[in-house]
$ cat my_file25.cif   # mmCIF, C-alpha atoms
data_target
loop_
_atom_site.group_PDB
_atom_site.id
_atom_site.type_symbol
_atom_site.label_atom_id
_atom_site.label_comp_id
_atom_site.auth_asym_id
_atom_site.auth_seq_id
_atom_site.Cartn_x
_atom_site.Cartn_y
_atom_site.Cartn_z
ATOM 1 C CA MET A 1214 -16.769 -17.075 -9.411
ATOM 2 C CA PRO A 1215 -13.219 -17.049 -8.011
ATOM 3 C CA VAL A 1216 -12.590 -15.696 -4.528
ATOM 4 C CA SER A 1217 -11.541 -12.055 -4.497
ATOM 5 C CA LEU A 1218 -10.889 -9.611 -1.704
ATOM 6 C CA ASP A 1219 -13.527 -6.862 -1.722
ATOM 7 C CA HIS A 1220 -12.505 -4.508 1.096
ATOM 8 C CA LEU A 1221 -10.312 -4.118 4.171
ATOM 9 C CA ASN A 1222 -10.816 -1.938 7.231
ATOM 10 C CA ILE A 1223 -7.681 0.000 8.133
ATOM 11 C CA PRO A 1224 -7.530 1.583 11.593
ATOM 12 C CA SER A 1225 -6.366 5.184 11.700
ATOM 13 C CA LYS A 1226 -6.149 8.106 14.129
ATOM 14 C CA ASP A 1227 -7.379 10.431 11.342
ATOM 15 C CA ARG A 1228 -9.260 8.381 8.757
ATOM 16 C CA VAL A 1229 -9.797 11.253 6.313
ATOM 17 C CA ALA A 1230 -6.150 12.377 6.307
ATOM 18 C CA ALA A 1231 -4.868 8.793 6.004
ATOM 19 C CA ALA A 1232 -7.237 7.961 3.142
ATOM 20 C CA ARG A 1233 -6.423 11.191 1.309
ATOM 21 C CA LEU A 1234 -2.659 10.648 1.629
ATOM 22 C CA LEU A 1235 -2.694 7.066 0.373
ATOM 23 C CA ALA A 1236 -5.069 7.858 -2.499
ATOM 24 C CA GLU A 1237 -2.951 10.804 -3.607
ATOM 25 C CA LEU A 1238 0.260 8.772 -3.462
ATOM 26 C CA LEU A 1239 -1.239 5.852 -5.399
ATOM 27 C CA GLY A 1240 -3.126 8.123 -7.806
ATOM 28 C CA VAL A 1241 -6.509 6.526 -7.105
ATOM 29 C CA PRO A 1242 -9.906 7.972 -6.095
ATOM 30 C CA TRP A 1243 -11.099 8.281 -2.514
ATOM 31 C CA ALA A 1244 -13.910 9.841 -0.473
ATOM 32 C CA ALA A 1245 -13.950 11.539 2.908
ATOM 33 C CA GLN A 1246 -17.150 9.650 3.735
ATOM 34 C CA GLY A 1247 -18.266 6.309 2.316
ATOM 35 C CA ALA A 1248 -21.826 5.378 1.428
ATOM 36 C CA ILE A 1249 -22.082 2.905 4.325
ATOM 37 C CA GLY A 1250 -20.558 3.280 7.767
ATOM 38 C CA ALA A 1251 -18.088 5.724 9.218
ATOM 39 C CA TYR A 1252 -15.271 5.030 6.770
ATOM 40 C CA SER A 1253 -13.114 7.016 4.386
ATOM 41 C CA PRO A 1254 -12.779 4.693 1.388
ATOM 42 C CA VAL A 1255 -9.833 4.480 -1.003
ATOM 43 C CA TYR A 1256 -10.829 2.831 -4.267
ATOM 44 C CA VAL A 1257 -7.642 0.907 -5.093
ATOM 45 C CA ASN A 1258 -9.124 -0.711 -8.206
ATOM 46 C CA ALA A 1259 -12.478 -1.900 -9.553
ATOM 47 C CA GLY A 1260 -12.590 -4.738 -7.018
ATOM 48 C CA LEU A 1261 -10.812 -3.517 -3.878
ATOM 49 C CA THR A 1262 -11.662 -0.751 -1.433
ATOM 50 C CA LEU A 1263 -9.600 0.174 1.613
ATOM 51 C CA ASP A 1264 -11.932 1.565 4.276
ATOM 52 C CA PHE A 1265 -10.060 3.792 6.705
ATOM 53 C CA ALA A 1266 -11.784 3.637 10.097
ATOM 54 C CA GLN A 1267 -11.344 6.037 12.991
ATOM 55 C CA CYS A 1268 -9.480 4.359 15.861
ATOM 56 C CA ASP A 1269 -9.543 5.977 19.306
ATOM 57 C CA GLY A 1270 -7.114 3.562 20.954
ATOM 58 C CA PRO A 1271 -3.664 2.424 19.915
ATOM 59 C CA VAL A 1272 -3.410 1.681 16.186
ATOM 60 C CA PRO A 1273 -1.983 -1.788 15.529
ATOM 61 C CA GLN A 1274 0.770 -1.629 12.916
ATOM 62 C CA GLN A 1275 -0.180 -3.462 9.725
ATOM 63 C CA HIS A 1276 1.665 -4.228 6.482
ATOM 64 C CA TYR A 1277 -0.077 -3.745 3.124
ATOM 65 C CA CYS A 1278 1.505 -4.520 -0.246
ATOM 66 C CA PHE A 1279 0.407 -3.318 -3.685
ATOM 67 C CA ARG A 1280 1.599 -4.810 -6.979
ATOM 68 C CA VAL A 1281 1.659 -2.423 -9.934
ATOM 69 C CA ASP A 1282 3.235 -2.206 -13.370
ATOM 70 C CA GLN A 1283 6.498 -0.321 -13.850
ATOM 71 C CA GLU A 1284 4.801 2.861 -15.100
ATOM 72 C CA ALA A 1285 2.515 3.089 -12.044
ATOM 73 C CA PHE A 1286 5.506 2.293 -9.814
ATOM 74 C CA ASP A 1287 7.551 5.137 -11.290
ATOM 75 C CA GLN A 1288 4.623 7.550 -10.982
ATOM 76 C CA THR A 1289 4.097 6.601 -7.325
ATOM 77 C CA VAL A 1290 7.790 7.096 -6.548
ATOM 78 C CA GLN A 1291 7.557 10.565 -8.135
ATOM 79 C CA ARG A 1292 4.478 11.380 -6.030
ATOM 80 C CA LEU A 1293 6.220 10.166 -2.846
ATOM 81 C CA ARG A 1294 9.214 12.395 -3.591
ATOM 82 C CA ALA A 1295 7.016 15.392 -4.461
ATOM 83 C CA ALA A 1296 5.069 14.941 -1.201
ATOM 84 C CA GLY A 1297 8.276 14.651 0.830
ATOM 85 C CA VAL A 1298 7.396 11.136 2.000
ATOM 86 C CA VAL A 1299 10.539 9.160 2.759
ATOM 87 C CA PHE A 1300 10.738 5.554 1.604
ATOM 88 C CA ARG A 1301 13.238 2.738 1.514
ATOM 89 C CA GLY A 1302 14.208 -0.246 -0.597
ATOM 90 C CA GLN A 1303 14.337 -2.725 2.276
ATOM 91 C CA ALA A 1304 11.535 -3.624 4.675
ATOM 92 C CA LEU A 1305 13.621 -2.963 7.775
ATOM 93 C CA GLY A 1306 16.246 -0.706 6.222
ATOM 94 C CA PRO A 1307 16.896 2.995 6.670
ATOM 95 C CA ASP A 1308 14.627 5.596 5.068
ATOM 96 C CA ASP A 1309 17.087 6.299 2.252
ATOM 97 C CA CYS A 1310 14.655 6.994 -0.644
ATOM 98 C CA MET A 1311 16.264 4.149 -2.592
ATOM 99 C CA VAL A 1312 14.399 1.762 -4.910
ATOM 100 C CA ALA A 1313 15.355 -1.897 -4.553
ATOM 101 C CA SER A 1314 15.732 -4.249 -7.496
ATOM 102 C CA ALA A 1315 14.314 -7.641 -6.630
ATOM 103 C CA TYR A 1316 13.096 -10.729 -8.500
ATOM 104 C CA GLY A 1317 13.278 -8.993 -11.866
ATOM 105 C CA GLY A 1318 11.342 -5.950 -10.673
ATOM 106 C CA HIS A 1319 11.404 -3.095 -8.178
ATOM 107 C CA ARG A 1320 10.043 -2.459 -4.702
ATOM 108 C CA ILE A 1321 9.841 0.194 -2.003
ATOM 109 C CA TYR A 1322 8.427 0.551 1.507
ATOM 110 C CA TRP A 1323 7.178 3.559 3.454
ATOM 111 C CA ASN A 1324 5.415 4.207 6.739
ATOM 112 C CA GLU A 1325 2.324 6.323 7.035
ATOM 113 C CA PRO A 1326 1.565 8.527 10.057
ATOM 114 C CA ASP A 1327 -0.323 5.759 11.924
ATOM 115 C CA GLY A 1328 2.688 3.448 11.569
ATOM 116 C CA HIS A 1329 1.301 1.133 8.892
ATOM 117 C CA ILE A 1330 3.909 -0.110 6.445
ATOM 118 C CA TRP A 1331 3.047 0.212 2.770
ATOM 119 C CA GLU A 1332 4.941 -1.821 0.175
ATOM 120 C CA LEU A 1333 4.876 -1.254 -3.572
ATOM 121 C CA LEU A 1334 6.353 -3.788 -5.975
ATOM 122 C CA THR A 1335 6.329 -4.692 -9.637
ATOM 123 C CA VAL A 1336 7.011 -8.440 -9.297
ATOM 124 C CA SER A 1337 5.407 -10.533 -6.558
ATOM 125 C CA TYR A 1338 7.994 -12.626 -4.746
ATOM 126 C CA LYS A 1339 5.089 -14.503 -3.126
ATOM 127 C CA ARG A 1340 4.056 -15.862 -6.542
ATOM 128 C CA LEU A 1341 7.444 -17.081 -7.809
ATOM 129 C CA THR A 1342 7.930 -20.777 -8.554
ATOM 130 C CA SER A 1343 10.548 -22.248 -6.234
ATOM 131 C CA ASP A 1344 12.994 -25.062 -6.871
ATOM 132 C CA ARG A 1345 10.845 -27.301 -4.646
ATOM 133 C CA GLY A 1346 7.962 -27.198 -7.079
ATOM 134 C CA ASN A 1347 5.724 -24.886 -5.047
ATOM 135 C CA SER A 1348 4.027 -22.148 -6.958
ATOM 136 C CA GLY A 1349 1.225 -19.700 -6.467
ATOM 137 C CA PRO A 1350 -1.954 -19.755 -8.499
#
$ encode --input "my_file25.cif" --output "structure tokens"
Amino acid sequence: MPVSLDHLNIPSKDRVAAARLLAELLGVPWAAQGAIGAYSPVYVNAGLTLDFAQCDGPVPQQHYCFRVDQEAFDQTVQRLRAAGVVFRGQALGPDDCMVASAYGGHRIYWNEPDGHIWELLTVSYKRLTSDRGNSGP
């Protein structure tokens, strides 16, 4: 069996609100309370769950990136706009609600209330073959 990521714990000041927001924006299921532990799970796909955990101290800023097809990308952008969530085309750029074209696809970034940076893209720049012969699996 190949290695696959099963779940991640994501610290949050309000685990239920953070899980609900991300699930609604991505159009995926979630639960206020998971079956095990004090988590609010977001079921990203059949193999990956994001477990939002309550964090009483400072929340360390994390970056999470999701790769989707163009249809899911367009739907997520529509949901972001409908929810009034600002986004940007560049990781460190202004919140201009612009979609960037990159590597033959599209990408956006947005911050959630705890400060985490979410990225959505249609083509993974981490998996491109370079001129030096390096390539991802």
$ closest_atom_pairs --input "my_file25.cif" --of "range 1235-1312 of chain A" --to "range 1227-1230 of chain A" --cutoff "7 Å" --atoms "all atoms listed in the file" --output "Markdown table"
| residue | atom | partner | partner_atom | distance |
| --- | --- | --- | --- | --- |
| A:Ala1245 | CA | A:Val1229 | CA | 5.4 |
| A:Ser1253 | CA | A:Val1229 | CA | 5.7 |
| A:Phe1265 | CA | A:Arg1228 | CA | 5.1 |
| A:Ala1266 | CA | A:Arg1228 | CA | 5.5 |
| A:Gln1267 | CA | A:Arg1228 | CA | 5.3 |
$ atom_distance --input "my_file25.cif" --atom1 "CA of Asp1219 in chain A" --atom2 "CA of Thr1289 in chain A"
22.9 Å
$ resolve_selection --input "my_file25.cif" --expression "the PyMOL selection byres ((chain A and resi 1290) around 12)" --output "PyMOL selection string"
chain A and resi 1237-1240+1281+1283-1289+1291-1302+1310-1313+1319-1323+1332-1334
$ closest_residue --input "my_file25.cif" --among "A:His1276, A:Pro1215, A:Gly1328, A:Thr1262" --to "Val1241 in chain A" --atoms "all atoms listed in the file"
A:Thr1262
$ resolve_selection --input "my_file25.cif" --expression "the PyMOL selection byres ((chain A and resi 1325) around 9)" --output "PyMOL selection string"
chain A and resi 1231+1234-1235+1298+1323-1324+1326-1331
$ atom_distance --input "my_file25.cif" --atom1 "CA of Gln1275 in chain A" --atom2 "CA of His1220 in chain A"
15.1 Å
$ resolve_selection --input "my_file25.cif" --expression "the PyMOL selection byres ((chain A and resi 1221) around 6)" --output "number ranges by chain"
A: 1220, 1222, 1263-1264
$ atom_distance --input "my_file25.cif" --atom1 "CA of Ala1259 in chain A" --atom2 "CA of Ser1337 in chain A"
20.1 Å
$ closest_residue --input "my_file25.cif" --among "A:Leu1261, A:Ala1244, A:Val1272, A:Val1336" --to "Pro1224 in chain A" --atoms "all atoms listed in the file"
A:Val1272
$ closest_residue --input "my_file25.cif" --among "A:Ser1225, A:Thr1335, A:Ser1217, A:Gln1303" --to "Arg1280 in chain A" --atoms "all atoms listed in the file"
A:Thr1335
$ closest_residue --input "my_file25.cif" --among "A:Tyr1316, A:Trp1243, A:Tyr1252, A:Tyr1338" --to "Cys1268 in chain A" --atoms "only C-alpha atoms"
A:Tyr1252
$ residues_around --input "my_file25.cif" --residues "Pro1242 in chain A" --least-positions-apart "4" --cutoff "8 Å" --atoms "all atoms listed in the file" --output "list in words"
Ala1236, Glu1237, Val1255, Tyr1256 and Val1257 of chain A
$ write_last_selection --input "my_file25.cif" --atoms "C-alpha atoms" --output "short mmCIF file (atom, residue, chain, number, x, y, z; two decimals), in the frame of the given file"
data_model
loop_
_atom_site.label_atom_id
_atom_site.label_comp_id
_atom_site.auth_asym_id
_atom_site.auth_seq_id
_atom_site.Cartn_x
_atom_site.Cartn_y
_atom_site.Cartn_z
CA ALA A 1236 -5.07 7.86 -2.50
CA GLU A 1237 -2.95 10.80 -3.61
CA VAL A 1255 -9.83 4.48 -1.00
CA TYR A 1256 -10.83 2.83 -4.27
CA VAL A 1257 -7.64 0.91 -5.09
#
